[in-house]
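> Below is the file entry_36.cif, which contains mmCIF, C-alpha atoms.
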```cif
data_protein
loop_
_atom_site.group_PDB
_atom_site.id
_atom_site.type_symbol
_atom_site.label_atom_id
_atom_site.label_comp_id
_atom_site.auth_asym_id
_atom_site.auth_seq_id
_atom_site.Cartn_x
_atom_site.Cartn_y
_atom_site.Cartn_z
ATOM 1 C CA MET W 1228 100.127 113.273 117.887
ATOM 2 C CA LYS W 1229 101.335 110.326 115.862
ATOM 3 C CA PRO W 1230 100.258 106.754 116.886
ATOM 4 C CA GLU W 1231 103.014 104.971 118.812
ATOM 5 C CA ILE W 1232 103.634 101.332 119.761
ATOM 6 C CA ILE W 1233 104.251 101.181 123.499
ATOM 7 C CA GLU W 1234 104.745 97.455 124.032
ATOM 8 C CA THR W 1235 104.481 94.132 122.240
ATOM 9 C CA ARG W 1236 104.291 90.935 124.258
ATOM 10 C CA THR W 1237 103.684 87.285 123.474
ATOM 11 C CA LEU W 1238 100.381 85.822 124.685
ATOM 12 C CA TRP W 1239 100.815 82.336 123.250
ATOM 13 C CA GLU W 1240 103.363 80.588 121.053
ATOM 14 C CA GLY W 1241 102.930 77.411 119.069
ATOM 15 C CA ARG W 1242 105.187 75.662 116.607
ATOM 16 C CA PHE W 1243 104.489 78.022 113.674
ATOM 17 C CA LEU W 1244 102.435 80.932 115.039
ATOM 18 C CA ARG W 1245 102.672 83.376 117.907
ATOM 19 C CA SER W 1246 99.781 85.414 119.342
ATOM 20 C CA ILE W 1247 100.876 88.879 120.421
ATOM 21 C CA LEU W 1248 99.337 91.773 122.318
ATOM 22 C CA ILE W 1249 100.339 95.161 120.935
ATOM 23 C CA THR W 1250 99.701 98.106 123.218
ATOM 24 C CA TYR W 1251 99.733 101.414 121.410
ATOM 25 C CA ARG W 1252 98.822 105.059 121.911
ATOM 26 C CA ASN W 1253 96.507 106.361 119.191
ATOM 27 C CA ALA W 1254 96.518 109.867 117.700
ATOM 28 C CA ARG W 1255 94.121 111.089 120.429
ATOM 29 C CA GLY W 1256 96.420 109.803 123.180
ATOM 30 C CA ASP W 1257 94.261 106.795 124.131
ATOM 31 C CA ILE W 1258 96.052 103.582 125.151
ATOM 32 C CA ILE W 1259 94.684 100.677 123.053
ATOM 33 C CA PRO W 1260 95.376 96.913 123.338
ATOM 34 C CA TRP W 1261 95.411 95.049 119.999
ATOM 35 C CA GLU W 1262 95.719 91.306 119.425
ATOM 36 C CA ALA W 1263 97.540 89.996 116.373
ATOM 37 C CA PHE W 1264 99.597 87.032 115.216
ATOM 38 C CA GLN W 1265 103.080 86.524 113.822
ATOM 39 C CA ARG W 1266 104.622 83.619 111.973
ATOM 40 C CA ILE W 1267 107.597 82.144 113.805
ATOM 41 C CA GLY W 1268 110.865 82.057 111.855
ATOM 42 C CA VAL W 1269 109.403 83.689 108.727
ATOM 43 C CA ARG W 1270 110.993 86.740 107.145
ATOM 44 C CA GLY W 1271 108.482 87.563 104.442
ATOM 45 C CA ILE W 1272 106.057 85.887 102.091
ATOM 46 C CA VAL W 1273 106.162 85.823 98.309
ATOM 47 C CA ALA W 1274 103.604 85.268 95.572
ATOM 48 C CA VAL W 1275 104.421 84.830 91.889
ATOM 49 C CA VAL W 1276 102.214 85.816 88.953
ATOM 50 C CA PRO W 1277 103.460 83.539 86.143
ATOM 51 C CA PHE W 1278 102.693 84.161 82.468
ATOM 52 C CA THR W 1279 103.591 81.619 79.793
ATOM 53 C CA ALA W 1280 104.807 82.534 76.304
ATOM 54 C CA GLU W 1281 101.625 80.827 75.033
ATOM 55 C CA GLY W 1282 99.417 83.493 76.623
ATOM 56 C CA GLU W 1283 98.412 81.643 79.779
ATOM 57 C CA VAL W 1284 98.441 82.479 83.467
ATOM 58 C CA LEU W 1285 99.389 79.764 85.959
ATOM 59 C CA LEU W 1286 97.447 79.327 89.174
ATOM 60 C CA ILE W 1287 97.358 76.595 91.786
ATOM 61 C CA LYS W 1288 94.562 74.916 93.708
ATOM 62 C CA GLN W 1289 95.230 73.489 97.133
ATOM 63 C CA PHE W 1290 93.321 72.465 100.240
ATOM 64 C CA ARG W 1291 93.615 75.016 103.050
ATOM 65 C CA PRO W 1292 92.834 73.429 106.457
ATOM 66 C CA PRO W 1293 91.973 76.722 108.240
ATOM 67 C CA LEU W 1294 89.129 77.189 105.738
ATOM 68 C CA GLY W 1295 88.221 73.543 105.254
ATOM 69 C CA LYS W 1296 88.079 74.161 101.491
ATOM 70 C CA TYR W 1297 90.242 74.376 98.402
ATOM 71 C CA VAL W 1298 91.628 77.776 97.397
ATOM 72 C CA ILE W 1299 92.693 78.923 93.932
ATOM 73 C CA GLU W 1300 95.741 81.176 94.288
ATOM 74 C CA PHE W 1301 99.013 82.179 92.725
ATOM 75 C CA PRO W 1302 102.108 80.128 93.621
ATOM 76 C CA ALA W 1303 103.405 81.434 96.932
ATOM 77 C CA GLY W 1304 105.544 80.587 99.909
ATOM 78 C CA LEU W 1305 107.202 81.605 103.127
ATOM 79 C CA ASN W 1306 110.737 82.808 103.607
ATOM 80 C CA ASP W 1307 111.434 80.334 106.401
ATOM 81 C CA ARG W 1308 115.042 79.590 105.345
ATOM 82 C CA ASP W 1309 116.302 83.177 105.699
ATOM 83 C CA GLU W 1310 116.865 83.479 101.934
ATOM 84 C CA PRO W 1311 116.565 86.574 99.763
ATOM 85 C CA LEU W 1312 112.866 86.928 98.846
ATOM 86 C CA GLU W 1313 113.633 86.612 95.137
ATOM 87 C CA ASP W 1314 115.230 83.198 95.777
ATOM 88 C CA VAL W 1315 112.069 82.110 97.616
ATOM 89 C CA ALA W 1316 109.994 83.214 94.611
ATOM 90 C CA TRP W 1317 112.187 81.234 92.156
ATOM 91 C CA ARG W 1318 111.995 78.136 94.361
ATOM 92 C CA GLU W 1319 108.247 78.271 95.047
ATOM 93 C CA LEU W 1320 107.387 78.787 91.367
ATOM 94 C CA LEU W 1321 109.401 75.723 90.371
ATOM 95 C CA GLU W 1322 108.269 73.526 93.278
ATOM 96 C CA GLU W 1323 104.553 74.320 93.063
ATOM 97 C CA THR W 1324 104.138 74.487 89.280
ATOM 98 C CA GLY W 1325 107.113 72.723 87.672
ATOM 99 C CA TYR W 1326 107.710 75.928 85.668
ATOM 100 C CA ARG W 1327 110.824 78.072 85.603
ATOM 101 C CA ALA W 1328 111.228 81.745 84.750
ATOM 102 C CA ASP W 1329 114.175 83.452 83.082
ATOM 103 C CA THR W 1330 113.570 86.605 85.093
ATOM 104 C CA LEU W 1331 111.529 87.721 88.087
ATOM 105 C CA ARG W 1332 110.547 91.264 88.911
ATOM 106 C CA ALA W 1333 109.127 92.504 92.212
ATOM 107 C CA ILE W 1334 105.959 94.460 91.438
ATOM 108 C CA ALA W 1335 104.257 95.042 94.809
ATOM 109 C CA GLU W 1336 104.694 94.733 98.545
ATOM 110 C CA GLY W 1337 102.183 95.102 101.356
ATOM 111 C CA PRO W 1338 100.304 93.569 104.284
ATOM 112 C CA LEU W 1339 98.109 90.510 103.903
ATOM 113 C CA SER W 1340 95.722 91.113 106.779
ATOM 114 C CA SER W 1341 96.734 94.379 108.415
ATOM 115 C CA GLY W 1342 94.199 94.137 111.234
ATOM 116 C CA ALA W 1343 95.282 90.687 112.404
ATOM 117 C CA SER W 1344 98.767 89.828 111.172
ATOM 118 C CA THR W 1345 102.305 91.188 110.821
ATOM 119 C CA GLU W 1346 102.729 89.381 107.481
ATOM 120 C CA ILE W 1347 104.100 91.312 104.496
ATOM 121 C CA LEU W 1348 103.668 89.880 100.983
ATOM 122 C CA THR W 1349 106.031 90.639 98.096
ATOM 123 C CA VAL W 1350 104.566 89.913 94.658
ATOM 124 C CA TYR W 1351 106.735 88.974 91.679
ATOM 125 C CA LEU W 1352 106.028 88.915 87.963
ATOM 126 C CA ALA W 1353 107.435 85.878 86.149
ATOM 127 C CA ASP W 1354 107.090 86.369 82.398
ATOM 128 C CA ASN W 1355 107.567 83.706 79.712
ATOM 129 C CA VAL W 1356 107.755 80.796 82.138
ATOM 130 C CA VAL W 1357 108.563 77.391 80.671
ATOM 131 C CA TYR W 1358 107.893 73.878 81.877
ATOM 132 C CA ALA W 1359 110.988 72.458 83.591
ATOM 133 C CA GLY W 1360 109.703 69.193 85.037
ATOM 134 C CA LYS W 1361 107.198 67.892 87.524
ATOM 135 C CA GLN W 1362 106.270 69.631 90.745
ATOM 136 C CA THR W 1363 108.422 68.937 93.811
ATOM 137 C CA LEU W 1364 105.932 69.467 96.608
ATOM 138 C CA ASP W 1365 106.445 69.473 100.369
ATOM 139 C CA ASP W 1366 104.997 66.466 102.208
ATOM 140 C CA VAL W 1367 101.923 68.423 103.315
ATOM 141 C CA GLU W 1368 101.194 69.921 99.883
ATOM 142 C CA GLU W 1369 98.747 68.581 97.320
ATOM 143 C CA ILE W 1370 98.670 71.148 94.547
ATOM 144 C CA GLU W 1371 96.800 71.073 91.262
ATOM 145 C CA LEU W 1372 98.193 73.286 88.509
ATOM 146 C CA ILE W 1373 95.658 75.411 86.635
ATOM 147 C CA ARG W 1374 96.352 77.157 83.316
ATOM 148 C CA LEU W 1375 93.994 79.955 82.311
ATOM 149 C CA PRO W 1376 94.135 81.989 79.094
ATOM 150 C CA LEU W 1377 95.017 85.670 79.372
ATOM 151 C CA GLU W 1378 92.077 86.392 77.097
ATOM 152 C CA GLY W 1379 88.984 86.341 79.289
ATOM 153 C CA PHE W 1380 91.046 85.618 82.419
ATOM 154 C CA HIS W 1381 88.525 87.008 84.925
ATOM 155 C CA LYS W 1382 85.609 85.084 83.413
ATOM 156 C CA HIS W 1383 87.594 81.831 83.452
ATOM 157 C CA LEU W 1384 88.763 82.524 86.999
ATOM 158 C CA LEU W 1385 85.228 83.077 88.292
ATOM 159 C CA SER W 1386 84.113 79.794 86.730
ATOM 160 C CA LEU W 1387 86.489 77.929 89.079
ATOM 161 C CA GLN W 1388 84.669 78.954 92.254
ATOM 162 C CA ASP W 1389 82.126 76.529 93.700
ATOM 163 C CA ASP W 1390 80.867 75.264 97.073
ATOM 164 C CA GLU W 1391 84.180 73.488 97.711
ATOM 165 C CA THR W 1392 86.555 76.126 96.328
ATOM 166 C CA TYR W 1393 87.301 79.734 97.179
ATOM 167 C CA LEU W 1394 89.142 82.189 94.960
ATOM 168 C CA ASP W 1395 91.919 84.111 96.682
ATOM 169 C CA LEU W 1396 90.667 87.700 96.539
ATOM 170 C CA LYS W 1397 94.200 88.979 95.871
ATOM 171 C CA ILE W 1398 94.262 87.337 92.430
ATOM 172 C CA PRO W 1399 92.547 90.112 90.408
ATOM 173 C CA GLY W 1400 94.706 92.892 91.867
ATOM 174 C CA MET W 1401 97.963 90.967 91.483
ATOM 175 C CA PHE W 1402 96.962 89.976 87.936
ATOM 176 C CA GLU W 1403 96.325 93.610 86.960
ATOM 177 C CA LEU W 1404 99.587 94.793 88.549
ATOM 178 C CA ALA W 1405 101.461 92.064 86.682
ATOM 179 C CA LEU W 1406 99.816 92.977 83.367
ATOM 180 C CA ARG W 1407 100.822 96.601 83.824
ATOM 181 C CA ALA W 1408 104.384 95.650 84.778
ATOM 182 C CA LYS W 1409 104.555 93.317 81.772
ATOM 183 C CA ALA W 1410 103.448 96.178 79.531
ATOM 184 C CA GLY W 1411 106.063 98.472 81.072
ATOM 185 C CA GLU W 1412 103.568 100.704 82.891
ATOM 186 C CA SER W 1413 105.000 100.316 86.373
#
```
Show me the file's structure as structure tokens.

Amino acid sequence: MKPEIIETRTLWEGRFLRSILITYRNARGDIIPWEAFQRIGVRGIVAVVPFTAEGEVLLIKQFRPPLGKYVIEFPAGLNDRDEPLEDVAWRELLEETGYRADTLRAIAEGPLSSGASTEILTVYLADNVVYAGKQTLDDVEEIELIRLPLEGFHKHLLSLQDDETYLDLKIPGMFELALRAKAGES
């Protein structure tokens, strides 16, 4: 027997998030309740792995209230305007870093937290990005741009973590996927 969703119902809904109860039948036939959350009005999430022509990788550092700390991550954003995901990636790269790419290429897609969330992330490679002007951040964003060399990237990345700053654990995997795509291996 294949697992089957029987019912999904809303437990609680706020301005941006909704708590849901998913009732499903597992492969053994057992009925299981499962709590999860959804973003309201969001049709996908993007992250961009930007490489400069000078051999750098761009990252951002921003305060994340749910964690009470700063997080180093790739530029990313929500599709909350019902745009094509690629358009969201172009926009978020420019807004959060001030850099523009000639081309973007989708290199991966998958869940962010499959046990708790319905969110799906699409990752884009932006190669040979160039500075186009200052960041244009949303009112709630305070983002510091970080440039790391490709050479020794992981060592430099690890040096950024401290008591006040987490590293997004997706960075190494997205970086490696982007390197392979850049080299034509994907």
> Taking 2 positions as the minimum chain separation for residues in the same chain, which residues sit within 9 Å of W:Pro1302 when counting all atoms listed in the file? Answer as a PyMOL selection string.
chain W and resi 1273-1277+1285-1287+1300+1304+1316+1319-1320+1323-1324
> Take the residues just selected and output them with C-alpha atoms as an mmCIF file, in the frame of the given file.

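What ended up in out_35.cif:
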```
data_model
loop_
_atom_site.group_PDB
_atom_site.id
_atom_site.type_symbol
_atom_site.label_atom_id
_atom_site.label_comp_id
_atom_site.auth_asym_id
_atom_site.auth_seq_id
_atom_site.Cartn_x
_atom_site.Cartn_y
_atom_site.Cartn_z
ATOM 1 C CA VAL W 1273 106.162 85.823 98.309
ATOM 2 C CA ALA W 1274 103.604 85.268 95.572
ATOM 3 C CA VAL W 1275 104.421 84.830 91.889
ATOM 4 C CA VAL W 1276 102.214 85.816 88.953
ATOM 5 C CA PRO W 1277 103.460 83.539 86.143
ATOM 6 C CA LEU W 1285 99.389 79.764 85.959
ATOM 7 C CA LEU W 1286 97.447 79.327 89.174
ATOM 8 C CA ILE W 1287 97.358 76.595 91.786
ATOM 9 C CA GLU W 1300 95.741 81.176 94.288
ATOM 10 C CA GLY W 1304 105.544 80.587 99.909
ATOM 11 C CA ALA W 1316 109.994 83.214 94.611
ATOM 12 C CA GLU W 1319 108.247 78.271 95.047
ATOM 13 C CA LEU W 1320 107.387 78.787 91.367
ATOM 14 C CA GLU W 1323 104.553 74.320 93.063
ATOM 15 C CA THR W 1324 104.138 74.487 89.280
#
```
> Between atom CA of W:Met1401 and atom CA of W:Thr1349, what is the spacing in Å?
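Separation of atom CA of W:Thr1349 and atom CA of W:Met1401: 10.4 Å.
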> Which residues would end up in the selection if the PyMOL selection byres ((chain W and resi 1235) around 8) were applied here, given that I need the answer as a list in words?
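Taken on the displayed file, the PyMOL selection byres ((chain W and resi 1235) around 8) yields the residues Ile1232, Ile1233, Glu1234, Arg1236, Thr1237, Ile1247, Leu1248, Ile1249 and Thr1250 of chain W.
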> Mind dumping the selected residues with C-alpha atoms as a PDB file, in the coordinates of the input?

```
ATOM      1  CA  ILE W1232     103.634 101.332 119.761  1.00  0.00           C
ATOM      2  CA  ILE W1233     104.251 101.181 123.499  1.00  0.00           C
ATOM      3  CA  GLU W1234     104.745  97.455 124.032  1.00  0.00           C
ATOM      4  CA  ARG W1236     104.291  90.935 124.258  1.00  0.00           C
ATOM      5  CA  THR W1237     103.684  87.285 123.474  1.00  0.00           C
ATOM      6  CA  ILE W1247     100.876  88.879 120.421  1.00  0.00           C
ATOM      7  CA  LEU W1248      99.337  91.773 122.318  1.00  0.00           C
ATOM      8  CA  ILE W1249     100.339  95.161 120.935  1.00  0.00           C
ATOM      9  CA  THR W1250      99.701  98.106 123.218  1.00  0.00           C
TER      10      THR W1250
END
```
> Could you expand the PyMOL selection byres ((chain W and resi 1239) around 12) into the explicit residues it covers here, written as a list in words?
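When the PyMOL selection byres ((chain W and resi 1239) around 12) is applied to the shown file, the picked residues are Arg1236, Thr1237, Leu1238, Glu1240, Gly1241, Arg1242, Phe1243, Leu1244, Arg1245, Ser1246, Ile1247, Leu1248, Glu1262, Ala1263, Phe1264, Gln1265, Arg1266 and Ile1267 of chain W.
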> One decimal, in Å: what's the spacing between atom CA of W:Asn1306 and atom CA of W:Glu1346?
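Interatomic distance, atom CA of W:Asn1306 to atom CA of W:Glu1346: 11.1 Å.
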> Output the residue selection produced by the PyMOL selection byres ((chain W and resi 1284) around 9) on the file above, formatted as a PyMOL selection string.
chain W and resi 1276-1279+1282-1283+1285-1286+1373-1377+1380+1402
> Choose the residue, out of W:Gly1268, W:Ile1398, W:His1381, W:Asp1390, that has the smallest atom-to-atom separation from W:Ala1303; count all atoms listed in the file.
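Looking only at the distances to W:Ala1303, the closest residue turns out to be W:Ile1398.
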> Compile the contact shell of stretch 1325-1331 of chain W as a list in words: residues with an atom at most 7 Å away, counting all atoms listed in the file, same-chain residues fewer than 4 positions apart removed.
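That gives Leu1320, Leu1321, Tyr1351, Leu1352, Ala1353, Asp1354, Asn1355, Val1356, Val1357, Tyr1358, Ala1359, Gly1360, Lys1361 and Gln1362 of chain W.
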> Every residue with an atom at most 12 Å from (91.3, 77.8, 102.3) (file coordinates; only C-alpha atoms) is what I'm after, so could you write them as number ranges by chain?
W: 1288-1300, 1390-1396
> Because the input lacks atoms here, generate N, CA and C atoms for stretch 1299-1333 of chain W and report them as a JSON list (two decimals), keeping the file's coordinate frame.

```
[["chain", "number", "residue", "atom", "x", "y", "z"],
["W", 1299, "ILE", "N", 91.95, 78.62, 95.16],
["W", 1299, "ILE", "CA", 92.69, 78.92, 93.93],
["W", 1299, "ILE", "C", 93.54, 80.15, 94.25],
["W", 1300, "GLU", "N", 94.84, 80.08, 93.96],
["W", 1300, "GLU", "CA", 95.74, 81.18, 94.29],
["W", 1300, "GLU", "C", 96.94, 81.15, 93.36],
["W", 1301, "PHE", "N", 97.75, 82.19, 93.45],
["W", 1301, "PHE", "CA", 99.01, 82.18, 92.72],
["W", 1301, "PHE", "C", 100.03, 81.38, 93.53],
["W", 1302, "PRO", "N", 101.05, 80.81, 92.88],
["W", 1302, "PRO", "CA", 102.11, 80.13, 93.62],
["W", 1302, "PRO", "C", 102.70, 81.09, 94.66],
["W", 1303, "ALA", "N", 102.94, 80.57, 95.84],
["W", 1303, "ALA", "CA", 103.40, 81.43, 96.93],
["W", 1303, "ALA", "C", 104.15, 80.61, 97.97],
["W", 1304, "GLY", "N", 104.85, 81.30, 98.85],
["W", 1304, "GLY", "CA", 105.54, 80.59, 99.91],
["W", 1304, "GLY", "C", 106.16, 81.52, 100.93],
["W", 1305, "LEU", "N", 106.61, 80.90, 102.00],
["W", 1305, "LEU", "CA", 107.20, 81.60, 103.13],
["W", 1305, "LEU", "C", 108.72, 81.65, 103.02],
["W", 1306, "ASN", "N", 109.29, 82.72, 103.47],
["W", 1306, "ASN", "CA", 110.74, 82.81, 103.61],
["W", 1306, "ASN", "C", 111.09, 82.28, 104.99],
["W", 1307, "ASP", "N", 111.13, 80.96, 105.12],
["W", 1307, "ASP", "CA", 111.43, 80.33, 106.40],
["W", 1307, "ASP", "C", 112.84, 79.74, 106.43],
["W", 1308, "ARG", "N", 113.65, 80.05, 105.41],
["W", 1308, "ARG", "CA", 115.04, 79.59, 105.34],
["W", 1308, "ARG", "C", 116.01, 80.76, 105.37],
["W", 1309, "ASP", "N", 115.50, 81.95, 105.65],
["W", 1309, "ASP", "CA", 116.30, 83.18, 105.70],
["W", 1309, "ASP", "C", 117.04, 83.42, 104.38],
["W", 1310, "GLU", "N", 116.32, 83.25, 103.27],
["W", 1310, "GLU", "CA", 116.86, 83.48, 101.93],
["W", 1310, "GLU", "C", 116.46, 84.87, 101.46],
["W", 1311, "PRO", "N", 117.10, 85.38, 100.42],
["W", 1311, "PRO", "CA", 116.56, 86.57, 99.76],
["W", 1311, "PRO", "C", 115.17, 86.24, 99.21],
["W", 1312, "LEU", "N", 114.25, 87.18, 99.28],
["W", 1312, "LEU", "CA", 112.87, 86.93, 98.85],
["W", 1312, "LEU", "C", 112.80, 86.47, 97.39],
["W", 1313, "GLU", "N", 113.64, 87.02, 96.54],
["W", 1313, "GLU", "CA", 113.63, 86.61, 95.14],
["W", 1313, "GLU", "C", 113.97, 85.13, 95.00],
["W", 1314, "ASP", "N", 114.90, 84.63, 95.81],
["W", 1314, "ASP", "CA", 115.23, 83.20, 95.78],
["W", 1314, "ASP", "C", 114.04, 82.35, 96.20],
["W", 1315, "VAL", "N", 113.28, 82.82, 97.18],
["W", 1315, "VAL", "CA", 112.07, 82.11, 97.62],
["W", 1315, "VAL", "C", 111.07, 82.06, 96.46],
["W", 1316, "ALA", "N", 110.93, 83.16, 95.75],
["W", 1316, "ALA", "CA", 109.99, 83.21, 94.61],
["W", 1316, "ALA", "C", 110.41, 82.23, 93.52],
["W", 1317, "TRP", "N", 111.69, 82.19, 93.17],
["W", 1317, "TRP", "CA", 112.19, 81.23, 92.16],
["W", 1317, "TRP", "C", 111.84, 79.81, 92.58],
["W", 1318, "ARG", "N", 112.17, 79.49, 93.84],
["W", 1318, "ARG", "CA", 112.00, 78.14, 94.36],
["W", 1318, "ARG", "C", 110.51, 77.74, 94.40],
["W", 1319, "GLU", "N", 109.67, 78.61, 94.92],
["W", 1319, "GLU", "CA", 108.25, 78.27, 95.05],
["W", 1319, "GLU", "C", 107.59, 78.10, 93.68],
["W", 1320, "LEU", "N", 107.93, 78.94, 92.72],
["W", 1320, "LEU", "CA", 107.39, 78.79, 91.37],
["W", 1320, "LEU", "C", 107.72, 77.41, 90.81],
["W", 1321, "LEU", "N", 108.97, 77.02, 90.90],
["W", 1321, "LEU", "CA", 109.40, 75.72, 90.37],
["W", 1321, "LEU", "C", 108.77, 74.56, 91.14],
["W", 1322, "GLU", "N", 108.81, 74.63, 92.47],
["W", 1322, "GLU", "CA", 108.27, 73.53, 93.28],
["W", 1322, "GLU", "C", 106.77, 73.33, 93.08],
["W", 1323, "GLU", "N", 106.01, 74.43, 93.09],
["W", 1323, "GLU", "CA", 104.55, 74.32, 93.06],
["W", 1323, "GLU", "C", 103.97, 74.14, 91.67],
["W", 1324, "THR", "N", 104.70, 74.58, 90.63],
["W", 1324, "THR", "CA", 104.14, 74.49, 89.28],
["W", 1324, "THR", "C", 104.95, 73.61, 88.34],
["W", 1325, "GLY", "N", 106.24, 73.42, 88.61],
["W", 1325, "GLY", "CA", 107.11, 72.72, 87.67],
["W", 1325, "GLY", "C", 107.59, 73.64, 86.56],
["W", 1326, "TYR", "N", 107.30, 74.95, 86.67],
["W", 1326, "TYR", "CA", 107.71, 75.93, 85.67],
["W", 1326, "TYR", "C", 108.85, 76.78, 86.21],
["W", 1327, "ARG", "N", 109.67, 77.24, 85.27],
["W", 1327, "ARG", "CA", 110.82, 78.07, 85.60],
["W", 1327, "ARG", "C", 110.72, 79.38, 84.80],
["W", 1328, "ALA", "N", 111.22, 80.44, 85.42],
["W", 1328, "ALA", "CA", 111.23, 81.74, 84.75],
["W", 1328, "ALA", "C", 112.66, 82.16, 84.46],
["W", 1329, "ASP", "N", 112.85, 82.88, 83.37],
["W", 1329, "ASP", "CA", 114.18, 83.45, 83.08],
["W", 1329, "ASP", "C", 114.45, 84.63, 84.00],
["W", 1330, "THR", "N", 113.42, 85.43, 84.24],
["W", 1330, "THR", "CA", 113.57, 86.60, 85.09],
["W", 1330, "THR", "C", 112.36, 86.74, 86.01],
["W", 1331, "LEU", "N", 112.59, 87.35, 87.15],
["W", 1331, "LEU", "CA", 111.53, 87.72, 88.09],
["W", 1331, "LEU", "C", 111.66, 89.21, 88.36],
["W", 1332, "ARG", "N", 110.52, 89.84, 88.58],
["W", 1332, "ARG", "CA", 110.55, 91.26, 88.91],
["W", 1332, "ARG", "C", 109.56, 91.53, 90.03],
["W", 1333, "ALA", "N", 110.03, 92.13, 91.12],
["W", 1333, "ALA", "CA", 109.13, 92.50, 92.21],
["W", 1333, "ALA", "C", 108.22, 93.63, 91.72]]
```
